[in-house]
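Participant: If it helps, the file is called coords_17.txt and holds compact mmCIF, C-alpha atoms and all ligand atoms:
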```txt
# COMPACT_ATOMS: atom_id res chain seq x y z
CA MET A 1 -14.27 -38.57 39.96
CA SER A 2 -13.66 -39.94 43.44
CA ALA A 3 -11.13 -42.71 43.94
CA ASN A 4 -13.98 -45.18 44.14
CA GLY A 5 -15.95 -43.68 41.29
CA PRO A 6 -16.21 -44.92 37.73
CA ARG A 7 -13.18 -45.18 35.51
CA VAL A 8 -13.78 -42.51 32.85
CA LEU A 9 -11.73 -42.88 29.68
CA VAL A 10 -11.89 -39.93 27.33
CA VAL A 11 -10.64 -40.69 23.84
CA PRO A 12 -10.54 -38.46 20.74
CA GLN A 13 -13.43 -39.25 18.42
CA VAL A 14 -11.15 -40.59 15.69
CA GLY A 15 -9.74 -43.37 17.86
CA TRP A 16 -12.71 -43.98 20.12
CA ALA A 17 -14.24 -47.06 18.47
CA ALA A 18 -10.86 -48.74 18.05
CA ALA A 19 -10.06 -48.11 21.73
CA VAL A 20 -13.30 -49.72 22.91
CA ALA A 21 -12.87 -52.64 20.49
CA ALA A 22 -9.30 -53.16 21.71
CA GLU A 23 -10.52 -53.44 25.32
CA LEU A 24 -13.23 -55.86 24.25
CA ALA A 25 -10.66 -57.91 22.37
CA ALA A 26 -8.49 -57.98 25.50
CA ARG A 27 -11.41 -59.27 27.59
CA LEU A 28 -12.07 -61.97 24.98
CA VAL A 29 -8.43 -63.04 25.05
CA GLU A 30 -8.53 -63.23 28.85
CA ARG A 31 -11.81 -65.12 28.82
CA PRO A 32 -12.79 -66.68 25.48
CA SER A 33 -16.11 -67.85 26.96
CA LEU A 34 -17.04 -64.25 27.85
CA ARG A 35 -20.74 -63.85 28.59
CA VAL A 36 -21.44 -60.32 27.41
CA CYS A 37 -24.59 -58.25 27.09
CA LEU A 38 -24.42 -55.96 24.04
CA PRO A 39 -26.49 -52.96 22.98
CA THR A 40 -27.40 -51.62 19.56
CA GLY A 41 -27.74 -48.03 18.40
CA GLY A 42 -25.61 -45.49 16.66
CA THR A 43 -23.00 -45.42 19.42
CA PRO A 44 -21.74 -49.02 19.28
CA THR A 45 -21.95 -49.39 15.47
CA PRO A 46 -18.31 -48.36 14.82
CA VAL A 47 -17.15 -50.47 17.78
CA TYR A 48 -18.64 -53.56 16.17
CA ALA A 49 -16.93 -52.76 12.86
CA ALA A 50 -13.58 -52.42 14.68
CA LEU A 51 -14.19 -55.59 16.68
CA ALA A 52 -15.02 -57.61 13.56
CA LYS A 53 -11.78 -56.31 12.06
CA ALA A 54 -9.84 -57.42 15.16
CA VAL A 55 -11.40 -60.89 14.85
CA ARG A 56 -10.49 -61.11 11.17
CA ALA A 57 -6.93 -60.06 12.03
CA GLY A 58 -6.75 -62.96 14.49
CA ARG A 59 -6.43 -60.72 17.56
CA CYS A 60 -9.46 -62.26 19.32
CA SER A 61 -12.40 -64.55 18.72
CA LEU A 62 -16.03 -64.60 19.77
CA ALA A 63 -16.43 -68.26 18.83
CA ALA A 64 -16.70 -69.43 22.44
CA ALA A 65 -18.48 -66.31 23.74
CA THR A 66 -22.15 -65.77 24.46
CA VAL A 67 -23.79 -62.52 23.42
CA VAL A 68 -26.99 -61.60 25.26
CA LEU A 69 -29.03 -58.87 23.62
CA LEU A 70 -29.65 -55.86 25.89
CA ASP A 71 -33.04 -54.86 24.60
CA GLU A 72 -35.56 -55.26 21.81
CA TRP A 73 -38.56 -53.44 20.43
CA VAL A 74 -42.01 -54.95 20.80
CA GLY A 75 -44.33 -54.57 17.82
CA LEU A 76 -41.76 -54.49 15.02
CA ALA A 77 -42.00 -57.37 12.59
CA PRO A 78 -39.17 -59.91 12.45
CA GLY A 79 -36.54 -58.58 10.06
CA ASP A 80 -37.47 -54.92 10.54
CA PRO A 81 -34.20 -52.97 10.06
CA ALA A 82 -34.64 -51.23 13.42
CA ARG A 83 -34.93 -54.51 15.30
CA CYS A 84 -32.03 -54.85 17.72
CA ASP A 85 -31.43 -58.49 16.76
CA VAL A 86 -31.28 -57.53 13.07
CA ARG A 87 -28.86 -54.70 13.78
CA LEU A 88 -26.49 -56.72 15.93
CA GLN A 89 -26.55 -59.54 13.43
CA GLY A 90 -25.81 -57.17 10.54
CA GLU A 91 -23.21 -55.06 12.32
CA LEU A 92 -21.26 -57.78 14.06
CA LEU A 93 -22.31 -61.42 13.92
CA ASP A 94 -22.61 -61.67 10.13
CA HIS A 95 -19.00 -60.51 9.85
CA LEU A 96 -17.61 -63.33 11.95
CA GLU A 97 -16.60 -66.65 10.49
CA THR A 98 -17.50 -68.40 13.74
CA PRO A 99 -20.12 -66.29 15.52
CA PRO A 100 -20.82 -66.48 19.25
CA ALA A 101 -23.93 -68.01 20.75
CA PHE A 102 -26.49 -65.22 20.34
CA VAL A 103 -29.35 -64.90 22.80
CA ARG A 104 -32.07 -62.81 21.17
CA ILE A 105 -35.16 -61.61 23.00
CA GLY A 106 -38.18 -63.70 22.03
CA VAL A 107 -40.54 -60.81 21.36
CA ASP A 108 -42.32 -62.75 18.59
CA ALA A 109 -43.28 -65.61 20.91
CA ALA A 110 -46.94 -66.25 21.61
CA ASP A 111 -46.16 -66.13 25.31
CA LEU A 112 -44.19 -62.90 25.70
CA ALA A 113 -44.03 -63.15 29.49
CA ALA A 114 -42.35 -66.56 29.27
CA ALA A 115 -39.89 -65.25 26.67
CA VAL A 116 -39.02 -62.33 28.93
CA ALA A 117 -38.46 -64.67 31.87
CA ARG A 118 -36.14 -66.77 29.68
CA HIS A 119 -34.18 -63.69 28.75
CA ASP A 120 -33.89 -62.64 32.38
CA ALA A 121 -32.36 -66.04 33.13
CA ALA A 122 -29.97 -65.64 30.18
CA ALA A 123 -28.84 -62.26 31.55
CA ALA A 124 -27.85 -63.78 34.90
CA GLY A 125 -24.13 -64.15 35.55
CA LEU A 126 -22.84 -61.73 32.93
CA ASP A 127 -19.10 -61.12 32.80
CA LEU A 128 -19.62 -57.80 31.11
CA ALA A 129 -22.60 -55.55 30.40
CA VAL A 130 -21.99 -52.99 27.65
CA VAL A 131 -24.62 -50.26 27.41
CA GLY A 132 -25.26 -46.99 25.58
CA LEU A 133 -26.73 -43.79 26.95
CA GLY A 134 -30.11 -42.46 25.85
CA MET A 135 -30.80 -38.76 25.45
CA ASN A 136 -33.18 -39.05 28.41
CA GLY A 137 -30.64 -40.98 30.47
CA HIS A 138 -32.11 -44.37 29.68
CA ILE A 139 -30.03 -47.53 29.72
CA GLY A 140 -31.37 -50.15 27.37
CA PHE A 141 -35.09 -49.49 27.68
CA ASN A 142 -34.80 -48.73 31.38
CA GLU A 143 -36.51 -45.39 31.05
CA PRO A 144 -36.52 -42.63 33.71
CA GLY A 145 -38.16 -43.91 36.89
CA SER A 146 -36.67 -47.40 36.53
CA SER A 147 -35.73 -49.17 39.72
CA PRO A 148 -32.13 -50.25 40.39
CA SER A 149 -33.54 -53.65 41.31
CA GLY A 150 -35.68 -53.85 38.17
CA ALA A 151 -36.07 -57.21 36.44
CA THR A 152 -35.90 -57.90 32.73
CA ARG A 153 -39.36 -56.84 31.61
CA VAL A 154 -41.71 -55.33 29.05
CA VAL A 155 -41.73 -51.55 29.29
CA ALA A 156 -43.75 -48.66 27.89
CA LEU A 157 -41.46 -46.36 25.94
CA GLN A 158 -41.16 -42.60 26.19
CA PRO A 159 -42.18 -40.67 23.05
CA VAL A 160 -38.53 -39.65 22.46
CA THR A 161 -37.53 -43.31 22.34
CA ILE A 162 -40.35 -44.25 19.95
CA THR A 163 -39.39 -41.34 17.71
CA ALA A 164 -35.80 -42.60 17.65
CA ALA A 165 -37.02 -46.00 16.42
CA THR A 166 -38.42 -44.51 13.25
CA ALA A 167 -36.38 -41.34 12.73
CA GLN A 168 -32.98 -42.70 13.70
CA TYR A 169 -33.15 -46.44 13.10
CA GLY A 170 -35.63 -46.61 10.21
CA ALA A 171 -38.35 -48.75 11.78
CA ARG A 172 -41.14 -49.57 9.32
CA SER A 173 -43.79 -49.00 11.99
CA ALA A 174 -43.91 -47.45 15.45
CA PRO A 175 -43.04 -49.95 18.17
CA SER A 176 -45.61 -50.53 20.88
CA GLY A 177 -43.10 -51.09 23.65
CA GLY A 178 -39.79 -52.62 24.50
CA VAL A 179 -38.19 -55.43 26.44
CA THR A 180 -35.05 -54.64 28.38
CA VAL A 181 -32.62 -56.38 30.61
CA GLY A 182 -33.27 -54.71 33.97
CA PHE A 183 -30.85 -53.02 36.33
CA ALA A 184 -30.78 -56.02 38.67
CA ARG A 185 -28.96 -58.08 36.03
CA LEU A 186 -26.83 -55.19 34.73
CA LEU A 187 -25.62 -54.26 38.21
CA ALA A 188 -24.87 -57.92 38.96
CA ALA A 189 -22.52 -58.20 35.97
CA GLN A 190 -18.83 -58.48 36.85
CA GLU A 191 -18.17 -55.30 34.92
CA VAL A 192 -20.23 -52.57 33.24
CA TRP A 193 -19.14 -50.35 30.33
CA LEU A 194 -21.05 -47.21 29.37
CA LEU A 195 -20.37 -46.06 25.79
CA VAL A 196 -21.05 -42.40 25.00
CA THR A 197 -20.16 -40.31 21.97
CA GLY A 198 -21.09 -36.94 20.53
CA GLU A 199 -21.78 -33.45 21.72
CA ARG A 200 -25.50 -34.11 21.96
CA LYS A 201 -24.83 -36.54 24.82
CA ALA A 202 -22.59 -34.15 26.80
CA ALA A 203 -25.31 -32.77 29.09
CA VAL A 204 -26.86 -36.15 29.85
CA LEU A 205 -23.45 -37.72 30.49
CA ARG A 206 -22.69 -34.96 32.96
CA GLN A 207 -26.02 -35.57 34.66
CA ALA A 208 -25.33 -39.32 34.74
CA LEU A 209 -21.89 -38.98 36.30
CA GLU A 210 -22.04 -35.76 38.29
CA GLY A 211 -25.74 -35.22 39.02
CA PRO A 212 -27.71 -36.94 41.77
CA GLU A 213 -27.73 -40.73 41.75
CA ASP A 214 -31.39 -40.93 40.96
CA ALA A 215 -33.85 -42.96 38.88
CA ALA A 216 -34.79 -39.73 37.06
CA CYS A 217 -31.53 -40.32 35.18
CA PRO A 218 -31.30 -44.12 35.04
CA ALA A 219 -27.68 -44.03 33.87
CA SER A 220 -26.70 -42.46 37.21
CA LEU A 221 -27.71 -45.73 38.88
CA LEU A 222 -24.76 -47.43 37.18
CA ARG A 223 -22.48 -45.51 39.56
CA ARG A 224 -23.33 -48.01 42.28
CA HIS A 225 -21.46 -50.65 40.31
CA PRO A 226 -17.92 -51.14 41.67
CA ARG A 227 -16.44 -51.73 38.20
CA LEU A 228 -18.04 -49.17 35.91
CA THR A 229 -15.97 -47.90 32.99
CA VAL A 230 -17.20 -44.98 30.90
CA PHE A 231 -15.80 -44.76 27.37
CA ALA A 232 -16.51 -41.23 26.18
CA ASP A 233 -15.25 -39.33 23.21
CA GLU A 234 -14.05 -35.78 23.76
CA ALA A 235 -17.31 -34.19 22.60
CA ALA A 236 -19.42 -36.27 24.99
CA ALA A 237 -17.02 -35.58 27.86
CA ALA A 238 -16.91 -31.83 27.23
CA GLN A 239 -19.19 -30.90 30.14
CA LEU A 240 -17.62 -33.17 32.78
CA ARG A 241 -16.00 -31.23 35.56
CA GLY A 242 -14.63 -34.02 37.69
CA ILE A 243 -12.11 -35.56 35.32
P1 LIG A 301 -27.65 -44.23 20.29
O1 LIG A 301 -28.75 -44.71 21.35
O2 LIG A 301 -26.44 -45.06 20.54
O3 LIG A 301 -28.28 -44.50 18.96
O4 LIG A 301 -27.41 -42.76 20.56
C1 LIG A 301 -28.41 -44.89 22.67
C2 LIG A 301 -29.66 -45.17 23.45
O5 LIG A 301 -30.68 -44.52 23.20
O6 LIG A 301 -29.62 -46.03 24.32
```
Let me see the file written as structure tokens.
Ligand code: PGA
Facilitator:
Amino acid sequence: MSANGPRVLVVPQVGWAAAVAAELAARLVERPSLRVCLPTGGTPTPVYAALAKAVRAGRCSLAAATVVLLDEWVGLAPGDPARCDVRLQGELLDHLETPPAFVRIGVDAADLAAAVARHDAAAAGLDLAVVGLGMNGHIGFNEPGSSPSGATRVVALQPVTITAATAQYGARSAPSGGVTVGFARLLAAQEVWLLVTGERKAAVLRQALEGPEDAACPASLLRRHPRLTVFADEAAAAQLRGI
């Protein structure tokens, strides 16, 4: 990586989640009112377990923080186990005695456009945006082709993403679309963290960090952020040449 490039932290798989949670806890200690955008998915699940443990141990608190949801499916019924709000609630918020303010995405509202505009406003002024990496390079539901100045919006999903909803996350029906915080808000956050684990992500992580900075791999657009940290486990980092 160049001197001005992202900070890439490579951690053995066994300690990866605890390392990310420890950094999150440190941010929360520095700024208890942290305004943080959080993702769901297989990658952050162990981080949330470790963070809840840190809260229970008294090492940090989310009581004064605000959590803004990164993305949400459209077309899944409230309570569907694949819903991002259900997952974040179940994996993190339900484990906290005093949970943070939680800004869900109002995909069940009669006026979806108004709900999306409200979420875009909620995603303004983030201290920290935490995101995962899709197999196609997507960030949230910013699929390939997304603009770096993209707003929070309703998006059509790629077949691979719809398949993940049912195969990986157990959705009871196929979602019809998604709502995602757009790159304009993510790149305006004070800090961005990209979480990546597993061998299956190695090629796409290499493309994101060492390939062209191009909307074909939306994650590569994060490199324009001056404070991007990549938390990778050793398997995900295996194809990186520049570290
Ligand atoms: P995963 O999903 O964490 O379940 O691999 C990441 C993503 O598709 O954004």
Participant: Please find the residues contacting ligand LIG 301 (chain A) at a distance of at most 12 Å between atoms, with all atoms listed in the file counted, and report them as a PyMOL selection string.
Facilitator: chain A and resi 38-47+70-72+82+84+87+130-143+157-158+160-170+180+194-202+204-205+218-219+236
Participant: Which distance in Å separates CA of Leu34 (chain A) and CA of Glu91 (chain A), to one decimal?
Facilitator: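 Pair CA of Leu34 (chain A) / CA of Glu91 (chain A) returns 19.1 Å.
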Participant: Kindly give the distance, in Å, that separates CA of Cys37 (chain A) and CA of Val55 (chain A), rounded to a single decimal.
Facilitator: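 Value for the CA of Cys37 (chain A)-CA of Val55 (chain A) distance: 18.2 Å.
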Participant: Grab the CA of Ala151 (chain A) to CA of Ser176 (chain A) distance for me, in Å with one decimal place.
Facilitator: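 Between CA of Ala151 (chain A) and CA of Ser176 (chain A) the gap is 19.4 Å.
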Participant: Counting all atoms listed in the file, what is within 9 Å of region 115-121 of chain A, bar same-chain residues fewer than 6 positions away, as a list in words?
Facilitator: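 Counting all atoms listed in the file, the residues come to Val68, Leu69, Val103, Arg104, Ile105, Gly106, Val107, Asp108, Ala109, Ala151, Thr152, Arg153, Val154, Val179, Thr180, Val181, Gly182 and Arg185 of chain A.
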Participant: Looking at A:Val8, A:Lys53, A:Ala174, A:Ala21, which one is nearest to Trp73 (chain A), with distances taken over only C-alpha atoms?
Facilitator: A:Ala174
Participant: For Leu28 (chain A), find every residue with an atom within 8 Å (counting all atoms listed in the file), except residues of its own chain fewer than 6 positions away, and show them as a PyMOL selection string.
Facilitator: chain A and resi 34+60-62+65
Participant: Using all atoms listed in the file, pick whichever of A:Ala52, A:Asp127, A:Thr66, A:Val230 has the shortest atom-to-atom distance to His95 (chain A).
Facilitator: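 Once distances to His95 (chain A) are computed over all atoms listed in the file, the minimum belongs to A:Ala52.
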Participant: Restricting the calculation to all atoms listed in the file: of A:Ala64, A:Val36, A:Pro99, A:Leu93, which residue gets closest to Ala122 (chain A)?
Facilitator: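 The shortest atom-to-atom distance to Ala122 (chain A) comes from A:Val36.
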Participant: I'd like to know which of A:Ala203, A:Ala57, A:Ser33, A:Gly90 is closest to Cys217 (chain A), using all atoms listed in the file.
Facilitator: A:Ala203
Participant: Can you list, as an MDAnalysis selection string, every protein, DNA or RNA residue that comes within 9 Å of Ala63 (chain A) when you count only C-alpha atoms, leaving out same-chain residues fewer than 5 positions away?
Facilitator: chainID A and resid 32:33 96:101
Participant: Write out, as a PDB file, in the frame of the given file, the residues just selected, with C-alpha atoms.
Facilitator:
```
ATOM      1  CA  PRO A  32     -12.790 -66.680  25.480  1.00  0.00           C
ATOM      2  CA  SER A  33     -16.110 -67.850  26.960  1.00  0.00           C
ATOM      3  CA  LEU A  96     -17.610 -63.330  11.950  1.00  0.00           C
ATOM      4  CA  GLU A  97     -16.600 -66.650  10.490  1.00  0.00           C
ATOM      5  CA  THR A  98     -17.500 -68.400  13.740  1.00  0.00           C
ATOM      6  CA  PRO A  99     -20.120 -66.290  15.520  1.00  0.00           C
ATOM      7  CA  PRO A 100     -20.820 -66.480  19.250  1.00  0.00           C
ATOM      8  CA  ALA A 101     -23.930 -68.010  20.750  1.00  0.00           C
TER       9      ALA A 101
END
```
